[in-house]
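> I have a structure here, written as C-alpha cells, and I will follow up with some questions on it.
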Amino acid sequence: MTDPSSGSVRLPQSLEHARIPNLPPSAFYMADFISEEEEKLILEKIERAPKARWRQLTHRRLQTWPSDLVRGDTLLDTTPLPDWLKDPVIPRLLSIPVSSDSDTEAQSSSHIFAASPHKQPNHVLINEYPPETGIMPHKDGGAYHPVVCTVSLGSSLCLNLYKAKEDGGIDPDPVWRILQEPRSLLITTQDLYTEYLHGIEPIAVDADLSEETVANWSLLRSPSDFAEGKNSRETRISLTYRDVLKVSKLGGLLNRRP
Ligand SMILES: O=C(O)CCC(=O)C(=O)O
Ligand SMILES: [Fe+2]
C-alpha cells in the first residue's frame with residue numbers, strides 16, 4: 001500500500017471494493033484514481049487548448065472532445081480523442097474488473113464498459129466550475145450508454161442526486177450527496193443514470209458534510225479535511241467520459257437522403 005499523502009495512484013482490486021454504500025445501484029468512487037503529476041499534466045493541456053475550444057456559458061465554460069455531437073446525439077468519427085485524454089484514464093479504467101470473485105471468471109475479466117457498443121468511452125466533456133458555479137439538476141439523456149465516469153481535478157465539491165417527482169418536477173432537496181475530491185473517479189450507472197437527476201449547487205462552500213450526509217464518506221481520501229463539516233471550493237475541473245451510442249462517418253451523414 002502506498003502512502004495516500006504522496007499523491008500516487010491506488011486502485012481497488014475490483015469495482016465491488018469501490019462501491020458507494022447506501023445508494024441505488026450502482027455508483028463507485030476511487031479517491032486516488034490519478035496521481036498529482038498526472039493531474040497537473042492534464043490541467044496544463046486543458047489550459048493550453050486554443051481559446052476557441054472553450055464554450056462560454058453564463059457562469060461556466062466547457063470543452064467538448066473530440067467534438068460536439070451533431071443532431072444532439074451523433075458523434076462524427078473524424079478525429080479520435082487526443083492522447084492526453086485517453087492516457088492514463090481509459091486504460092486504467094478498463095483495467096479494473098467489475099468483480100474479483102474468482103468463481104465468476106467472465107465477470108472478473110470484464111470491465112465497466114464491457115456492455116457498451118464501443119467497449120470504451122469515445123467522448124469527453126470538460127467542465128470548469130469556479131466557486132459559486134454549478135450545474136442545474138438534469139439527466140444525461142439517451143445519446144450515451146448509461147455509464148458515466150467523472151475524473152475531478154483541482155478542487156473538491158459535492159454532486160447532488162435528486163429524485164424526479166410524479167408530476168415531472170424535481171424534489172428540491174437532494175436525496176444523496178457525493179463528495180468528489182481532486183484526482184478521484186466517480187462512476188455512475190443504472191438507476192442513477194436513468195431514474196435520478198444530478199446537479200451541483202452554485203455555492204462557495206459545501207456545508208454540513210459528515211458521515212451521515214455524504215454517501216461516499218467511507219471512501220474519501222481525506223475525510224479529516226472536512227472534519228469541520230465544510231469544503232471551501234476552489235476552481236474544480238471535471239472530465240466526463242461517456243460512450244456516445246451513435247457514431248457516424250461524415251460522408252455517410254452528408255449523403256443520407258432526408
Ligand atoms: O461536472 C460534473 O461532475 C457533472 C457534469 C455533468 O453532469 C454533465 O456534463 O452532464
Ligand atoms: Fe450530467
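Following the order of the C-alpha cells, first chain is A, next is B, and so on, with residues numbered from 1 inside each chain and ligands from 1 in the order they appear.
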Let me have all residues with an atom within 10 Å of ligand 1, counting only C-alpha atoms and all ligand atoms, laid out as an MDAnalysis selection string.

chainID A and resid 62 64 124:129 134:141 148:152 157:160 180 186 197:200 236:242

> Using DSSP assignments from the backbone, pull out every residue in range 104-208 of chain A that falls under strand (DSSP E) and give it to me as a PyMOL selection string.

chain A and resi 123-129+135-138+147-153+157-163+176-180+185-189+196-200+205-206

> Those selected residues, please, written with N, CA and C atoms and delivered as a short mmCIF file (atom, residue, chain, number, x, y, z; two decimals), in the first residue's frame.


```
data_model
loop_
_atom_site.label_atom_id
_atom_site.label_comp_id
_atom_site.auth_asym_id
_atom_site.auth_seq_id
_atom_site.Cartn_x
_atom_site.Cartn_y
_atom_site.Cartn_z
N HIS A 123 -15.97 9.86 -25.83
CA HIS A 123 -16.32 11.27 -25.75
C HIS A 123 -16.01 11.81 -24.35
N VAL A 124 -15.44 13.02 -24.30
CA VAL A 124 -15.11 13.63 -23.01
C VAL A 124 -15.59 15.07 -22.99
N LEU A 125 -16.32 15.39 -21.93
CA LEU A 125 -16.75 16.77 -21.71
C LEU A 125 -15.89 17.32 -20.58
N ILE A 126 -15.36 18.52 -20.78
CA ILE A 126 -14.56 19.15 -19.72
C ILE A 126 -15.35 20.35 -19.21
N ASN A 127 -15.72 20.31 -17.93
CA ASN A 127 -16.48 21.41 -17.33
C ASN A 127 -15.62 22.10 -16.29
N GLU A 128 -15.65 23.42 -16.28
CA GLU A 128 -14.88 24.18 -15.28
C GLU A 128 -15.85 24.89 -14.34
N TYR A 129 -15.67 24.69 -13.05
CA TYR A 129 -16.56 25.29 -12.05
C TYR A 129 -15.78 26.16 -11.08
N ILE A 135 -24.18 23.24 -11.79
CA ILE A 135 -24.92 22.79 -12.96
C ILE A 135 -26.30 22.38 -12.47
N MET A 136 -27.31 22.83 -13.19
CA MET A 136 -28.71 22.56 -12.79
C MET A 136 -28.98 21.05 -12.78
N PRO A 137 -29.88 20.59 -11.89
CA PRO A 137 -30.22 19.17 -11.90
C PRO A 137 -30.72 18.74 -13.28
N HIS A 138 -30.20 17.63 -13.77
CA HIS A 138 -30.58 17.14 -15.10
C HIS A 138 -30.30 15.65 -15.20
N VAL A 147 -23.39 4.74 -18.62
CA VAL A 147 -22.27 4.67 -17.68
C VAL A 147 -21.53 6.00 -17.79
N VAL A 148 -21.37 6.69 -16.67
CA VAL A 148 -20.69 7.99 -16.68
C VAL A 148 -19.49 7.92 -15.75
N CYS A 149 -18.32 8.27 -16.28
CA CYS A 149 -17.10 8.25 -15.47
C CYS A 149 -16.57 9.68 -15.37
N THR A 150 -16.49 10.17 -14.15
CA THR A 150 -16.09 11.56 -13.94
C THR A 150 -14.78 11.64 -13.16
N VAL A 151 -13.76 12.24 -13.77
CA VAL A 151 -12.50 12.48 -13.09
C VAL A 151 -12.52 13.94 -12.63
N SER A 152 -12.25 14.16 -11.35
CA SER A 152 -12.25 15.53 -10.81
C SER A 152 -10.82 16.04 -10.67
N LEU A 153 -10.62 17.32 -10.98
CA LEU A 153 -9.29 17.92 -10.91
C LEU A 153 -9.38 19.25 -10.15
N LEU A 157 -15.85 19.17 -4.57
CA LEU A 157 -17.22 19.68 -4.43
C LEU A 157 -18.21 18.52 -4.35
N CYS A 158 -19.44 18.86 -3.98
CA CYS A 158 -20.48 17.83 -3.86
C CYS A 158 -21.32 17.75 -5.12
N LEU A 159 -21.54 16.53 -5.60
CA LEU A 159 -22.54 16.26 -6.63
C LEU A 159 -23.80 15.84 -5.90
N ASN A 160 -24.92 16.48 -6.23
CA ASN A 160 -26.19 16.15 -5.58
C ASN A 160 -27.01 15.24 -6.48
N LEU A 161 -27.71 14.29 -5.87
CA LEU A 161 -28.61 13.42 -6.62
C LEU A 161 -30.04 13.73 -6.19
N TYR A 162 -30.91 13.91 -7.17
CA TYR A 162 -32.30 14.34 -6.92
C TYR A 162 -33.26 13.30 -7.47
N LYS A 163 -34.41 13.25 -6.81
CA LYS A 163 -35.47 12.36 -7.27
C LYS A 163 -36.42 13.15 -8.15
N TRP A 176 -29.22 12.35 -2.05
CA TRP A 176 -27.87 11.98 -1.63
C TRP A 176 -26.89 13.03 -2.12
N ARG A 177 -25.73 13.06 -1.44
CA ARG A 177 -24.61 13.88 -1.92
C ARG A 177 -23.36 13.01 -2.02
N ILE A 178 -22.62 13.22 -3.09
CA ILE A 178 -21.35 12.52 -3.28
C ILE A 178 -20.27 13.59 -3.31
N LEU A 179 -19.28 13.47 -2.42
CA LEU A 179 -18.20 14.45 -2.35
C LEU A 179 -17.06 13.96 -3.24
N GLN A 180 -16.70 14.78 -4.23
CA GLN A 180 -15.66 14.38 -5.19
C GLN A 180 -14.38 15.14 -4.91
N LEU A 185 -12.12 9.37 -9.15
CA LEU A 185 -13.00 8.91 -10.23
C LEU A 185 -14.35 8.53 -9.61
N LEU A 186 -15.42 9.05 -10.19
CA LEU A 186 -16.77 8.64 -9.80
C LEU A 186 -17.40 7.96 -11.00
N ILE A 187 -17.96 6.77 -10.79
CA ILE A 187 -18.69 6.09 -11.87
C ILE A 187 -20.15 5.98 -11.43
N THR A 188 -21.06 6.47 -12.28
CA THR A 188 -22.50 6.28 -12.01
C THR A 188 -23.13 5.51 -13.18
N THR A 189 -24.04 4.61 -12.84
CA THR A 189 -24.66 3.73 -13.85
C THR A 189 -26.12 3.47 -13.49
N TYR A 196 -32.66 9.02 -11.63
CA TYR A 196 -32.37 10.18 -10.78
C TYR A 196 -31.74 11.30 -11.60
N LEU A 197 -31.83 12.52 -11.06
CA LEU A 197 -31.15 13.65 -11.70
C LEU A 197 -29.90 13.96 -10.89
N HIS A 198 -28.94 14.62 -11.53
CA HIS A 198 -27.76 15.05 -10.79
C HIS A 198 -27.50 16.51 -11.07
N GLY A 199 -26.87 17.19 -10.11
CA GLY A 199 -26.57 18.60 -10.27
C GLY A 199 -25.55 19.04 -9.24
N ILE A 200 -25.05 20.26 -9.43
CA ILE A 200 -24.06 20.83 -8.50
C ILE A 200 -24.59 22.19 -8.09
N VAL A 205 -19.21 27.26 -0.56
CA VAL A 205 -18.83 26.32 0.49
C VAL A 205 -19.86 25.19 0.56
N ASP A 206 -19.38 23.96 0.48
CA ASP A 206 -20.26 22.81 0.74
C ASP A 206 -20.29 22.64 2.26
#
```

> Quick one: of A:Arg60, A:Glu44, A:Asp243, A:Pro66, who's nearest to Ile112 in chain A, counting only C-alpha atoms?

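Closest to Ile112 in chain A, using only C-alpha atoms: A:Asp243.
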
> Just want the 12 Å neighbourhood of Ala204 in chain A, counted on only C-alpha atoms, with same-chain residues fewer than 3 positions away dropped. Output as a list in words.

Tyr129, Pro130, Pro131, Glu132, Thr133, Gly134, Ser155, Ser156, Leu157, Cys158, Ile200, Glu201, Ala207, Lys230, Asn231, Ser232, Arg233, Glu234, Thr235 and Arg236 of chain A

> May I have the residues from that selection written out with C-alpha atoms, as a PDB file, in the first residue's frame?


```pdb
ATOM      1  CA  TYR A 129     -16.556  25.285 -12.046  1.00  0.00           C
ATOM      2  CA  PRO A 130     -15.163  28.352 -10.269  1.00  0.00           C
ATOM      3  CA  PRO A 131     -16.577  28.757  -6.710  1.00  0.00           C
ATOM      4  CA  GLU A 132     -20.267  29.707  -6.726  1.00  0.00           C
ATOM      5  CA  THR A 133     -20.921  27.950 -10.015  1.00  0.00           C
ATOM      6  CA  GLY A 134     -22.711  24.672 -10.563  1.00  0.00           C
ATOM      7  CA  SER A 155     -10.718  21.083  -6.009  1.00  0.00           C
ATOM      8  CA  SER A 156     -13.478  19.198  -4.179  1.00  0.00           C
ATOM      9  CA  LEU A 157     -17.222  19.680  -4.433  1.00  0.00           C
ATOM     10  CA  CYS A 158     -20.484  17.832  -3.863  1.00  0.00           C
ATOM     11  CA  ILE A 200     -24.062  20.829  -8.499  1.00  0.00           C
ATOM     12  CA  GLU A 201     -25.213  23.731  -6.340  1.00  0.00           C
ATOM     13  CA  ALA A 207     -21.612  22.630   4.309  1.00  0.00           C
ATOM     14  CA  LYS A 230     -17.099  22.276   5.369  1.00  0.00           C
ATOM     15  CA  ASN A 231     -15.444  22.325   1.975  1.00  0.00           C
ATOM     16  CA  SER A 232     -14.419  25.762   0.687  1.00  0.00           C
ATOM     17  CA  ARG A 233     -14.441  25.417  -3.067  1.00  0.00           C
ATOM     18  CA  GLU A 234     -11.686  26.470  -5.413  1.00  0.00           C
ATOM     19  CA  THR A 235     -11.919  26.008  -9.174  1.00  0.00           C
ATOM     20  CA  ARG A 236     -12.787  22.417  -9.965  1.00  0.00           C
TER      21      ARG A 236
END
```

> Between A:Glu47, A:Tyr144, A:Leu220, A:Asp171, which one has atoms that come closest to ligand 2, using only C-alpha atoms and all ligand atoms?

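Closest candidate: A:Tyr144.
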
> I want to know what sits within 12 Å of Thr79 in chain A, based on only C-alpha atoms, with residues of the same chain fewer than 5 positions away left out; could you give that as an MDAnalysis selection string?

chainID A and resid 65:68 122:123 247:250

> In Å, rounded to a single decimal, give me how far CA of Thr58 in chain A is from CA of Pro202 in chain A.

12.2 Å

> Per DSSP on the backbone, filter range 42-220 of chain A down to the residues in alpha helix (DSSP H) and report them as a list of chain:residue names.

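Those in range 42-220 of chain A that DSSP calls alpha helix (DSSP H) are A:Ile42, A:Leu43, A:Glu44, A:Lys45, A:Ile46, A:Glu47, A:Arg48, A:Asp83, A:Trp84, A:Leu85, A:Lys86, A:Val89, A:Ile90, A:Pro91, A:Arg92, A:Leu93, A:Leu94, A:Glu105, A:Ala106, A:Gln107, A:Ser108, A:Ser109, A:Gln190, A:Asp191, A:Leu192, A:Tyr193, A:Thr194.
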
> Please produce a file of those selected residues containing N, CA and C atoms, as a CSV table (one decimal), in the first residue's frame.


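selection-v5.csv written:
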```csv
chain,number,residue,atom,x,y,z
A,42,ILE,N,-2.7,17.0,-17.1
A,42,ILE,CA,-4.0,17.2,-17.8
A,42,ILE,C,-4.5,18.6,-17.6
A,43,LEU,N,-4.3,19.2,-16.5
A,43,LEU,CA,-4.7,20.6,-16.3
A,43,LEU,C,-3.9,21.5,-17.2
A,44,GLU,N,-2.6,21.2,-17.4
A,44,GLU,CA,-1.8,22.1,-18.3
A,44,GLU,C,-2.3,22.0,-19.8
A,45,LYS,N,-2.7,20.7,-20.2
A,45,LYS,CA,-3.2,20.5,-21.5
A,45,LYS,C,-4.5,21.3,-21.7
A,46,ILE,N,-5.4,21.3,-20.7
A,46,ILE,CA,-6.7,22.0,-20.8
A,46,ILE,C,-6.4,23.5,-20.9
A,47,GLU,N,-5.5,24.0,-20.1
A,47,GLU,CA,-5.2,25.4,-20.1
A,47,GLU,C,-4.6,25.8,-21.4
A,48,ARG,N,-3.8,25.0,-22.0
A,48,ARG,CA,-3.2,25.3,-23.3
A,48,ARG,C,-4.0,25.1,-24.5
A,83,ASP,N,-4.4,11.9,-27.2
A,83,ASP,CA,-3.7,11.0,-26.3
A,83,ASP,C,-3.8,11.4,-24.8
A,84,TRP,N,-3.8,12.8,-24.6
A,84,TRP,CA,-3.7,13.2,-23.2
A,84,TRP,C,-5.1,13.0,-22.5
A,85,LEU,N,-6.2,12.8,-23.2
A,85,LEU,CA,-7.4,12.5,-22.6
A,85,LEU,C,-7.6,10.9,-22.5
A,86,LYS,N,-6.9,10.2,-23.4
A,86,LYS,CA,-7.0,8.7,-23.3
A,86,LYS,C,-6.2,8.2,-22.2
A,89,VAL,N,-6.2,7.7,-18.3
A,89,VAL,CA,-7.6,7.4,-17.8
A,89,VAL,C,-8.2,6.2,-18.3
A,90,ILE,N,-8.3,6.1,-19.7
A,90,ILE,CA,-9.1,5.0,-20.2
A,90,ILE,C,-8.5,3.6,-20.0
A,91,PRO,N,-7.2,3.4,-20.3
A,91,PRO,CA,-6.7,2.0,-20.0
A,91,PRO,C,-6.8,1.7,-18.5
A,92,ARG,N,-6.6,2.6,-17.7
A,92,ARG,CA,-6.7,2.4,-16.2
A,92,ARG,C,-8.1,2.0,-15.8
A,93,LEU,N,-9.1,2.7,-16.4
A,93,LEU,CA,-10.5,2.5,-16.1
A,93,LEU,C,-10.8,1.0,-16.5
A,94,LEU,N,-10.4,0.7,-17.8
A,94,LEU,CA,-10.7,-0.6,-18.3
A,94,LEU,C,-10.0,-1.8,-17.6
A,105,GLU,N,-15.6,-16.1,-13.6
A,105,GLU,CA,-14.5,-15.6,-14.3
A,105,GLU,C,-14.9,-14.6,-15.4
A,106,ALA,N,-16.1,-14.8,-16.0
A,106,ALA,CA,-16.5,-13.8,-17.0
A,106,ALA,C,-16.6,-12.4,-16.4
A,107,GLN,N,-17.2,-12.3,-15.3
A,107,GLN,CA,-17.3,-11.0,-14.6
A,107,GLN,C,-16.0,-10.5,-14.2
A,108,SER,N,-15.1,-11.3,-13.7
A,108,SER,CA,-13.9,-10.8,-13.1
A,108,SER,C,-13.0,-10.3,-14.3
A,109,SER,N,-13.2,-10.8,-15.5
A,109,SER,CA,-12.4,-10.3,-16.6
A,109,SER,C,-13.0,-9.2,-17.3
A,190,GLN,N,-26.8,2.6,-14.3
A,190,GLN,CA,-28.1,2.1,-14.0
A,190,GLN,C,-29.1,3.1,-13.5
A,191,ASP,N,-29.8,2.9,-12.4
A,191,ASP,CA,-30.8,3.8,-11.9
A,191,ASP,C,-30.3,5.2,-11.7
A,192,LEU,N,-29.1,5.3,-11.3
A,192,LEU,CA,-28.6,6.7,-11.0
A,192,LEU,C,-28.5,7.4,-12.4
A,193,TYR,N,-28.4,6.7,-13.5
A,193,TYR,CA,-28.3,7.3,-14.8
A,193,TYR,C,-29.8,7.6,-15.3
A,194,THR,N,-30.6,6.6,-15.1
A,194,THR,CA,-31.9,6.7,-15.8
A,194,THR,C,-33.0,7.3,-14.9
```

> Can you work out which one of A:Pro146, A:Gly72, A:Gly154, A:Pro24 has the shortest atom-to-atom distance to ligand 2, counting only C-alpha atoms and all ligand atoms?

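Result for the nearest residue to ligand 2: A:Pro146.
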